[in-house]
$ cat model.txt   # compact mmCIF, C-alpha atoms
# COMPACT_ATOMS: atom_id res chain seq x y z
CA MET A 300 184.33 43.29 -1.49
CA LYS A 301 180.98 41.49 -1.74
CA ALA A 302 178.13 42.92 -3.78
CA ALA A 303 175.48 44.72 -1.73
CA ARG A 304 172.95 41.91 -2.26
CA ASN A 305 175.43 39.16 -1.38
CA LYS A 306 174.29 37.85 2.02
CA THR A 307 176.74 34.94 2.23
CA ILE A 308 177.99 34.34 5.77
CA ASP A 309 181.75 33.82 5.58
CA LEU A 310 183.19 35.31 8.78
CA SER A 311 186.80 34.32 9.41
CA ILE A 312 187.87 32.79 12.71
CA GLU A 313 189.40 36.11 13.71
CA GLU A 314 186.23 38.04 12.83
CA GLY A 315 183.98 35.51 14.54
CA LYS A 316 185.81 34.92 17.80
CA GLY A 317 182.82 36.15 19.79
CA TYR A 318 180.62 33.52 18.14
CA LEU A 319 183.20 30.80 18.70
CA ASP A 320 183.22 31.66 22.41
CA ARG A 321 179.53 30.75 22.57
CA CYS A 322 180.30 27.14 21.64
CA ILE A 323 181.04 24.64 24.37
CA LYS A 324 183.61 21.89 24.77
CA VAL A 325 182.77 18.61 26.46
CA SER A 326 185.69 16.85 28.16
CA GLU A 327 183.87 14.85 30.85
CA PRO A 328 180.44 13.23 31.27
CA VAL A 329 177.67 15.85 31.32
CA GLY A 330 173.93 16.15 31.75
CA VAL A 331 171.53 17.34 29.05
CA GLU A 332 171.02 20.72 30.73
CA SER A 333 174.67 21.63 30.10
CA PHE A 334 174.52 21.31 26.30
CA ILE A 335 170.87 21.71 25.26
CA ASP A 336 170.41 24.42 22.63
CA LYS A 337 174.19 24.62 22.20
CA THR A 338 176.84 23.99 19.58
CA ILE A 339 179.49 21.57 20.82
CA ILE A 340 182.88 22.02 19.21
CA GLY A 341 184.73 18.74 18.85
CA ASP A 342 184.93 15.38 17.10
CA CYS A 343 181.60 13.57 17.49
CA LEU A 344 183.31 10.22 18.10
CA GLU A 345 185.13 11.75 21.08
CA VAL A 346 182.16 13.74 22.39
CA LEU A 347 179.37 11.16 22.10
CA PRO A 348 180.63 8.79 24.85
CA LEU A 349 180.42 11.72 27.29
CA LEU A 350 176.75 12.52 26.62
CA PRO A 351 173.83 10.93 28.54
CA ASN A 352 171.67 8.16 27.15
CA SER A 353 168.21 8.51 25.62
CA PHE A 354 167.89 12.25 25.03
CA ILE A 355 167.43 12.42 21.22
CA ASP A 356 163.94 12.57 19.70
CA LEU A 357 165.08 13.25 16.14
CA LEU A 358 168.50 12.48 14.64
CA ILE A 359 169.48 14.25 11.42
CA VAL A 360 172.87 13.32 9.99
CA ASP A 361 174.66 14.80 7.00
CA PRO A 362 178.01 12.97 7.13
CA PRO A 363 180.85 13.47 4.64
CA TYR A 364 179.95 11.59 1.48
CA ASN A 365 182.48 9.08 0.17
CA LEU A 366 184.19 11.69 -2.00
CA ASN A 367 187.44 13.62 -1.98
CA LYS A 368 186.26 16.87 -0.44
CA GLU A 369 187.91 19.89 1.14
CA PHE A 370 186.14 21.42 4.14
CA HIS A 371 188.03 24.64 4.91
CA GLY A 372 191.28 23.07 6.04
CA LYS A 373 189.90 19.60 6.79
CA ARG A 374 189.89 17.03 4.01
CA PHE A 375 187.76 13.91 3.65
CA LYS A 376 189.39 11.33 1.42
CA LYS A 377 187.43 8.90 -0.71
CA THR A 378 187.90 5.31 0.38
CA SER A 379 186.60 1.84 -0.46
CA ASP A 380 182.94 0.98 0.03
CA ASP A 381 183.83 -1.43 2.84
CA THR A 382 185.88 1.20 4.69
CA TYR A 383 183.16 3.82 4.29
CA GLU A 384 180.60 1.34 5.60
CA GLU A 385 182.83 0.71 8.63
CA TYR A 386 183.14 4.49 9.15
CA THR A 387 179.33 4.78 9.06
CA GLU A 388 178.96 1.89 11.49
CA ASN A 389 181.36 3.55 13.94
CA TRP A 390 179.56 6.91 14.23
CA LEU A 391 176.14 5.27 14.19
CA LYS A 392 176.96 2.85 17.02
CA ALA A 393 178.25 5.79 19.07
CA ILE A 394 174.88 7.56 18.67
CA ILE A 395 172.48 4.65 19.24
CA PRO A 396 172.59 4.74 23.09
CA HIS A 397 171.50 8.38 23.01
CA LEU A 398 168.32 7.75 21.00
CA LYS A 399 164.93 7.57 22.67
CA GLU A 400 162.90 4.43 22.04
CA ASP A 401 160.57 6.28 19.63
CA ALA A 402 163.31 8.31 17.91
CA THR A 403 163.44 8.95 14.18
CA ILE A 404 166.61 8.92 12.09
CA TYR A 405 167.35 10.72 8.80
CA VAL A 406 170.71 10.29 7.05
CA CYS A 407 171.71 12.32 3.98
CA CYS A 408 173.83 10.81 1.21
CA ASP A 409 174.57 10.83 -2.51
CA TRP A 410 173.74 7.92 -4.81
CA LEU A 411 177.04 6.12 -4.14
CA SER A 412 177.28 6.49 -0.35
CA SER A 413 173.56 5.67 -0.17
CA LEU A 414 174.38 2.03 -0.89
CA SER A 415 176.66 1.75 2.15
CA ILE A 416 174.53 3.86 4.49
CA GLY A 417 171.35 1.97 3.67
CA CYS A 418 173.03 -1.35 4.50
CA VAL A 419 174.25 -0.09 7.89
CA LEU A 420 170.92 1.48 8.85
CA LYS A 421 169.10 -1.73 8.00
CA ARG A 422 171.13 -3.61 10.61
CA HIS A 423 170.05 -1.36 13.47
CA PHE A 424 166.72 0.30 12.62
CA HIS A 425 163.37 -0.03 10.91
CA ILE A 426 163.80 1.41 7.41
CA GLN A 427 160.65 3.37 6.55
CA ASN A 428 161.55 4.98 3.22
CA ARG A 429 164.21 6.62 1.11
CA ILE A 430 163.63 10.23 0.06
CA THR A 431 165.20 11.51 -3.15
CA TRP A 432 165.45 15.26 -3.62
CA GLN A 433 166.38 17.24 -6.68
CA ARG A 434 169.35 19.53 -6.17
CA GLU A 435 168.17 21.78 -9.04
CA LYS A 436 171.75 22.03 -10.23
CA GLY A 437 174.78 19.80 -10.47
CA ARG A 438 178.19 19.56 -12.03
CA GLY A 439 178.26 18.76 -15.74
CA ALA A 440 179.62 15.38 -16.81
CA LEU A 441 180.98 14.42 -20.22
CA SER A 442 180.98 10.65 -19.82
CA ASN A 443 178.09 10.09 -17.41
CA TRP A 444 174.70 11.48 -16.38
CA LYS A 445 174.97 14.66 -14.30
CA ASN A 446 174.32 14.07 -10.60
CA GLY A 447 171.27 16.19 -9.84
CA MET A 448 169.76 14.12 -7.02
CA GLU A 449 170.57 13.18 -3.44
CA ASP A 450 169.02 10.68 -1.02
CA ILE A 451 167.85 10.84 2.58
CA TRP A 452 167.25 7.56 4.39
CA PHE A 453 164.24 7.61 6.75
CA ALA A 454 164.47 5.09 9.60
CA THR A 455 163.02 4.69 13.08
CA ASN A 456 164.29 3.18 16.30
CA SER A 457 161.05 1.25 16.79
CA LYS A 458 157.63 0.84 15.21
CA ASP A 459 156.35 3.64 17.45
CA TYR A 460 157.38 7.00 15.97
CA THR A 461 156.17 10.52 15.15
CA PHE A 462 155.00 11.44 11.67
CA ASN A 463 153.01 14.69 11.38
CA VAL A 464 151.90 14.39 7.78
CA GLU A 465 149.47 17.32 8.02
CA ASP A 466 152.41 19.62 8.86
CA VAL A 467 154.34 18.89 5.66
CA LYS A 468 151.80 19.30 2.91
CA VAL A 469 153.00 20.78 -0.37
CA ARG A 470 151.08 23.56 -2.11
CA ARG A 471 150.98 22.82 -5.83
CA LYS A 472 149.45 24.62 -8.78
CA VAL A 473 146.24 23.16 -10.12
CA VAL A 474 146.55 22.81 -13.89
CA ALA A 475 143.04 21.50 -14.62
CA PRO A 476 140.75 22.71 -11.80
CA TYR A 477 137.73 20.51 -11.12
CA ARG A 478 134.51 22.06 -9.84
CA VAL A 479 131.33 20.69 -8.28
CA GLU A 480 128.28 22.92 -8.66
CA GLY A 481 130.61 25.74 -9.63
CA GLN A 482 132.77 25.45 -6.51
CA PRO A 483 136.41 24.27 -6.30
CA LYS A 484 136.76 20.56 -5.51
CA ASP A 485 139.79 19.86 -3.26
CA TRP A 486 141.62 23.01 -4.31
CA GLU A 487 141.73 26.71 -3.46
CA GLU A 488 141.12 29.67 -5.75
CA THR A 489 143.36 32.65 -4.86
CA ALA A 490 144.50 35.93 -6.40
CA GLU A 491 147.90 34.28 -7.04
CA GLY A 492 146.40 31.26 -8.81
CA ASN A 493 144.73 27.93 -8.15
CA PHE A 494 146.40 25.67 -5.58
CA ARG A 495 145.93 22.32 -3.88
CA ASN A 496 147.64 21.23 -0.65
CA THR A 497 148.90 17.71 -1.35
CA TYR A 498 150.38 14.98 0.81
CA PRO A 499 154.16 14.74 0.39
CA SER A 500 155.85 11.96 -1.54
CA ASN A 501 159.38 10.61 -1.22
CA PHE A 502 160.50 12.66 -4.25
CA TRP A 503 161.07 16.35 -3.57
CA ASP A 504 161.42 18.69 -6.53
CA ASP A 505 160.71 21.94 -4.67
CA ILE A 506 164.08 22.52 -2.95
CA SER A 507 166.37 25.44 -3.84
CA ILE A 508 170.06 25.18 -2.97
CA PRO A 509 171.13 28.25 -0.92
CA TYR A 510 172.77 30.91 -3.07
CA TRP A 511 174.51 34.24 -2.50
CA SER A 512 171.44 36.48 -2.16
CA MET A 513 169.71 34.25 0.43
CA ALA A 514 170.13 35.11 4.11
CA GLU A 515 170.72 31.46 5.02
CA ASN A 516 173.67 31.06 2.63
CA THR A 517 177.16 30.41 3.97
CA ALA A 518 180.49 29.57 2.36
CA HIS A 519 180.12 25.91 3.42
CA PRO A 520 180.64 23.66 0.36
CA THR A 521 177.79 21.23 1.07
CA GLN A 522 175.21 23.28 2.98
CA LYS A 523 171.71 21.82 3.14
CA PRO A 524 168.71 24.15 2.54
CA GLU A 525 166.62 25.22 5.52
CA LYS A 526 163.47 24.21 3.64
CA LEU A 527 164.71 20.63 3.38
CA LEU A 528 165.47 20.47 7.11
CA ALA A 529 162.10 22.03 7.93
CA LYS A 530 160.30 19.13 6.24
CA LEU A 531 162.20 16.55 8.28
CA ILE A 532 161.79 18.41 11.57
CA LEU A 533 158.09 19.21 11.19
CA ALA A 534 157.24 15.67 10.08
CA SER A 535 159.23 13.77 12.67
CA SER A 536 159.29 15.84 15.86
CA ASN A 537 157.01 17.92 18.03
CA PRO A 538 157.55 21.33 19.67
CA GLY A 539 159.96 20.96 22.58
CA ASP A 540 161.59 17.78 21.23
CA VAL A 541 165.38 17.49 20.96
CA VAL A 542 166.85 17.49 17.44
CA PHE A 543 170.45 16.27 17.24
CA ASP A 544 173.04 16.64 14.46
CA PRO A 545 176.52 15.13 14.99
CA PHE A 546 177.97 16.67 11.79
CA LEU A 547 176.47 20.14 12.18
CA GLY A 548 178.44 21.97 9.49
CA SER A 549 177.22 25.55 9.14
CA GLY A 550 174.28 24.92 11.47
CA SER A 551 171.22 24.39 9.27
CA THR A 552 169.70 21.68 11.49
CA SER A 553 170.05 23.70 14.69
CA VAL A 554 168.84 26.92 13.07
CA VAL A 555 165.68 25.35 11.64
CA ALA A 556 164.97 23.47 14.87
CA LYS A 557 165.17 26.79 16.74
CA LYS A 558 162.88 28.53 14.24
CA LEU A 559 160.32 25.74 14.60
CA GLY A 560 160.27 25.65 18.41
CA ARG A 561 162.39 22.55 18.98
CA HIS A 562 165.44 22.11 21.18
CA PHE A 563 168.69 21.44 19.35
CA VAL A 564 172.16 20.04 19.89
CA GLY A 565 174.89 20.02 17.27
CA ILE A 566 178.47 18.78 17.20
CA GLU A 567 180.98 20.30 14.77
CA VAL A 568 184.73 19.80 14.65
CA ASN A 569 185.57 22.75 12.40
CA PRO A 570 185.73 26.07 14.34
CA GLN A 571 185.04 28.00 11.12
CA TYR A 572 181.70 26.28 10.71
CA CYS A 573 180.88 26.66 14.41
CA ILE A 574 181.17 30.42 13.96
CA TRP A 575 178.80 30.43 11.00
CA ALA A 576 176.32 28.24 12.89
CA GLU A 577 176.32 30.58 15.89
CA LYS A 578 175.92 33.62 13.64
CA ARG A 579 172.88 32.03 12.03
CA LEU A 580 171.42 31.04 15.41
CA GLU A 581 171.70 34.68 16.45
CA MET A 582 169.94 35.77 13.25
CA ALA A 583 167.12 33.33 14.00
CA ASP A 584 166.27 35.32 17.14
CA SER A 585 164.84 38.10 14.97
CA ASP A 586 164.00 36.29 11.72
CA LYS A 587 162.19 32.95 11.89
CA THR A 588 161.19 32.81 8.23
CA ILE A 589 162.09 29.76 6.16
CA GLN A 590 162.36 30.29 2.42
CA GLY A 591 159.63 28.29 0.68
CA TYR A 592 157.55 27.65 3.82
CA ALA A 593 154.64 29.91 4.77
CA ASP A 594 151.13 29.65 6.24
CA GLY A 595 151.84 26.07 7.34
CA VAL A 596 152.54 24.71 3.86
CA PHE A 597 155.55 24.20 1.61
CA TRP A 598 155.29 26.09 -1.66
CA GLU A 599 156.47 24.80 -5.00
CA ARG A 600 159.78 26.21 -6.15
CA ASN A 601 159.52 29.52 -8.04
CA THR A 602 155.75 29.93 -7.65
CA ASN A 603 154.21 33.41 -7.44
CA GLY A 604 152.68 32.53 -4.10
CA LEU A 605 156.07 31.59 -2.70
CA GLN A 606 157.65 34.83 -3.87
CA ARG A 607 154.79 36.88 -2.44
CA LYS A 608 154.83 35.12 0.93
CA THR A 609 158.59 35.43 1.20
CA ARG A 610 158.45 39.20 0.54
CA LEU A 611 155.68 39.72 3.08
CA SER A 612 157.50 37.80 5.80
CA ARG A 613 160.68 39.86 5.58
$ encode --input "model.txt" --output "structure tokens"
Amino acid sequence: MKAARNKTIDLSIEEGKGYLDRCIKVSEPVGVESFIDKTIIGDCLEVLPLLPNSFIDLLIVDPPYNLNKEFHGKRFKKTSDDTYEEYTENWLKAIIPHLKEDATIYVCCDWLSSLSIGCVLKRHFHIQNRITWQREKGRGALSNWKNGMEDIWFATNSKDYTFNVEDVKVRRKVVAPYRVEGQPKDWEETAEGNFRNTYPSNFWDDISIPYWSMAENTAHPTQKPEKLLAKLILASSNPGDVVFDPFLGSGSTSVVAKKLGRHFVGIEVNPQYCIWAEKRLEMADSDKTIQGYADGVFWERNTNGLQRKTRLSR
């Protein structure tokens, strides 16, 4: 029995059959209208050749890292750097025909797989940046530094791409407020404190990993936070664009795209995760809040303003 405040989504396949029935299978060439705003159940390498060309505005990929990892009955086995690079090349080449000319690409990785993924992306795209985000927690290590960071490669299909910087400003506390003629200079004075909306950098220290009392949390072992996905989607797509994730997992990319008024398509091979994704998509019909994002800005982690906004939006 879970505690009353434990909101973790962990429906079994038997319990979630109704959600699994909402997913679609693709066994022959199809048009966009048949899978838009859907979860496709299947192996992305088998599904991708059946999808039409040039429909993706924003590609977000969170592939298995080059680690030994168990994913509820499906295991990814660590391999050599060369083999992992070949694996990355295979799924990436399968996706490239489906990208629009002005598409943006984000690929998640840890420090080790980042080396391989960066090399592959460089062969095919314009590398714009590499984001590093702080996981806030990590496993302890006795003979090495604890891994508390992950990377996200930011690339584009061409030199023409979307970047809505005004939509991803970060609200930070002002430690030493500067005034001109007694008035705030480039900052805002509020009942919750003094804040400034700042342009985002490629280091993110305001992300909270989903945990048991958060509505977005699932039993997926490597779930990405909705706040993290919201930054990528708001910056690099516009309302009505198509956001695509070929390794959907528990559905974070699709859920956030839906909350932010984008179309979504996700492919996931594990039926357990498809169920959790569909459950979360259903929840998004009535609750479009994103923890840490309110009033058009991203709040610093654990700020009073963030806590207040989150309470008011629920």
$ closest_atom_pairs --input "model.txt" --of "segment 501-531 of chain A" --to "segment 357-366 of chain A" --cutoff "9 Å" --atoms "only C-alpha atoms" --output "CSV"
residue,atom,partner,partner_atom,distance
A:Lys523,CA,A:Asp361,CA,8.5
A:Leu528,CA,A:Ile359,CA,8.6
A:Leu531,CA,A:Ile359,CA,8.3
$ closest_residue --input "model.txt" --among "A:Leu344, A:Ile404, A:Leu350, A:Ile335" --to "Tyr460 of chain A" --atoms "only C-alpha atoms"
A:Ile404
$ closest_atom_pairs --input "model.txt" --of "segment 300-319 of chain A" --to "segment 554-576 of chain A" --cutoff "6 Å" --atoms "all atoms listed in the file" --output "CSV"
residue,atom,partner,partner_atom,distance
A:Ile312,CA,A:Gln571,CA,5.8
A:Gly315,CA,A:Ile574,CA,5.8
A:Tyr318,CA,A:Ile574,CA,5.2
A:Leu319,CA,A:Ile574,CA,5.2
$ write_last_selection --input "model.txt" --atoms "C-alpha atoms" --output "PDB file, in the frame of the given file"
ATOM      1  CA  ILE A 312     187.870  32.790  12.710  1.00  0.00           C
ATOM      2  CA  GLY A 315     183.980  35.510  14.540  1.00  0.00           C
ATOM      3  CA  TYR A 318     180.620  33.520  18.140  1.00  0.00           C
ATOM      4  CA  LEU A 319     183.200  30.800  18.700  1.00  0.00           C
TER       5      LEU A 319
END
$ atom_distance --input "model.txt" --atom1 "atom CA of Ile532 of chain A" --atom2 "atom CA of Thr552 of chain A"
8.6 Å
$ closest_residue --input "model.txt" --among "A:Glu488, A:Asp466, A:Glu385, A:Glu400" --to "Asp594 of chain A" --atoms "all atoms listed in the file"
A:Asp466
$ closest_residue --input "model.txt" --among "A:Leu414, A:Glu491, A:Leu347, A:Lys484" --to "Asn389 of chain A" --atoms "all atoms listed in the file"
A:Leu347
$ closest_residue --input "model.txt" --among "A:Asp336, A:Glu581, A:Asp504, A:Asp381" --to "Val542 of chain A" --atoms "only C-alpha atoms"
A:Asp336
$ atom_distance --input "model.txt" --atom1 "atom CA of Pro499 of chain A" --atom2 "atom CA of Val464 of chain A"
7.7 Å
$ atom_distance --input "model.txt" --atom1 "atom CA of Val331 of chain A" --atom2 "atom CA of Pro351 of chain A"
6.8 Å
$ residues_around --input "model.txt" --residues "Trp503 of chain A" --least-positions-apart "4" --cutoff "7 Å" --atoms "all atoms listed in the file" --output "list in words"
Thr431, Trp432 and Gln433 of chain A
$ closest_residue --input "model.txt" --among "A:Thr489, A:Gln590, A:Asn496, A:Thr387" --to "Leu420 of chain A" --atoms "all atoms listed in the file"
A:Thr387
$ residues_around --input "model.txt" --residues "Glu384 of chain A" --least-positions-apart "5" --cutoff "10 Å" --atoms "only C-alpha atoms" --output "list in words"
Asn365, Thr378, Ser379, Asn389, Ser412, Leu414, Ser415, Ile416, Gly417, Cys418 and Val419 of chain A
$ closest_residue --input "model.txt" --among "A:Ser333, A:Lys578, A:Val479, A:Ile506" --to "Glu314 of chain A" --atoms "all atoms listed in the file"
A:Lys578
$ residues_around --input "model.txt" --residues "Val596 of chain A" --least-positions-apart "3" --cutoff "6 Å" --atoms "all atoms listed in the file" --output "PyMOL selection string"
chain A and resi 468-469+592-593
$ residues_around --input "model.txt" --residues "Ile308 of chain A" --least-positions-apart "6" --cutoff "10 Å" --atoms "only C-alpha atoms" --output "list in words"
Trp511, Met513, Ala514, Glu515, Asn516, Thr517, Ala518, His519, Ser549, Ile574, Trp575, Ala576, Lys578 and Arg579 of chain A
$ build_atoms --input "model.txt" --residues "segment 422-434 of chain A" --atoms "N, CA and C atoms" --output "compact mmCIF listing (two decimals), keeping the file's coordinate frame"
# COMPACT_ATOMS: atom_id res chain seq x y z
N ARG A 422 170.71 -2.71 9.54
CA ARG A 422 171.13 -3.61 10.61
C ARG A 422 170.60 -3.18 11.98
N HIS A 423 170.34 -1.90 12.14
CA HIS A 423 170.05 -1.36 13.47
C HIS A 423 168.63 -0.81 13.63
N PHE A 424 167.99 -0.42 12.53
CA PHE A 424 166.72 0.30 12.62
C PHE A 424 165.66 -0.28 11.70
N HIS A 425 164.47 0.29 11.83
CA HIS A 425 163.37 -0.03 10.91
C HIS A 425 163.44 0.98 9.75
N ILE A 426 163.76 0.52 8.58
CA ILE A 426 163.80 1.41 7.41
C ILE A 426 162.36 1.70 6.98
N GLN A 427 162.00 2.98 6.93
CA GLN A 427 160.65 3.37 6.55
C GLN A 427 160.56 3.81 5.08
N ASN A 428 161.62 4.46 4.60
CA ASN A 428 161.55 4.98 3.22
C ASN A 428 162.93 5.54 2.84
N ARG A 429 163.05 5.89 1.58
CA ARG A 429 164.21 6.62 1.11
C ARG A 429 163.71 7.81 0.29
N ILE A 430 164.03 9.00 0.75
CA ILE A 430 163.63 10.23 0.06
C ILE A 430 164.70 10.56 -0.98
N THR A 431 164.28 10.99 -2.15
CA THR A 431 165.20 11.51 -3.15
C THR A 431 164.81 12.95 -3.44
N TRP A 432 165.77 13.86 -3.36
CA TRP A 432 165.45 15.26 -3.62
C TRP A 432 166.33 15.80 -4.74
N GLN A 433 165.73 16.68 -5.51
CA GLN A 433 166.38 17.24 -6.68
C GLN A 433 167.18 18.47 -6.28
N ARG A 434 168.47 18.43 -6.57
CA ARG A 434 169.35 19.53 -6.17
C ARG A 434 169.16 20.78 -7.03
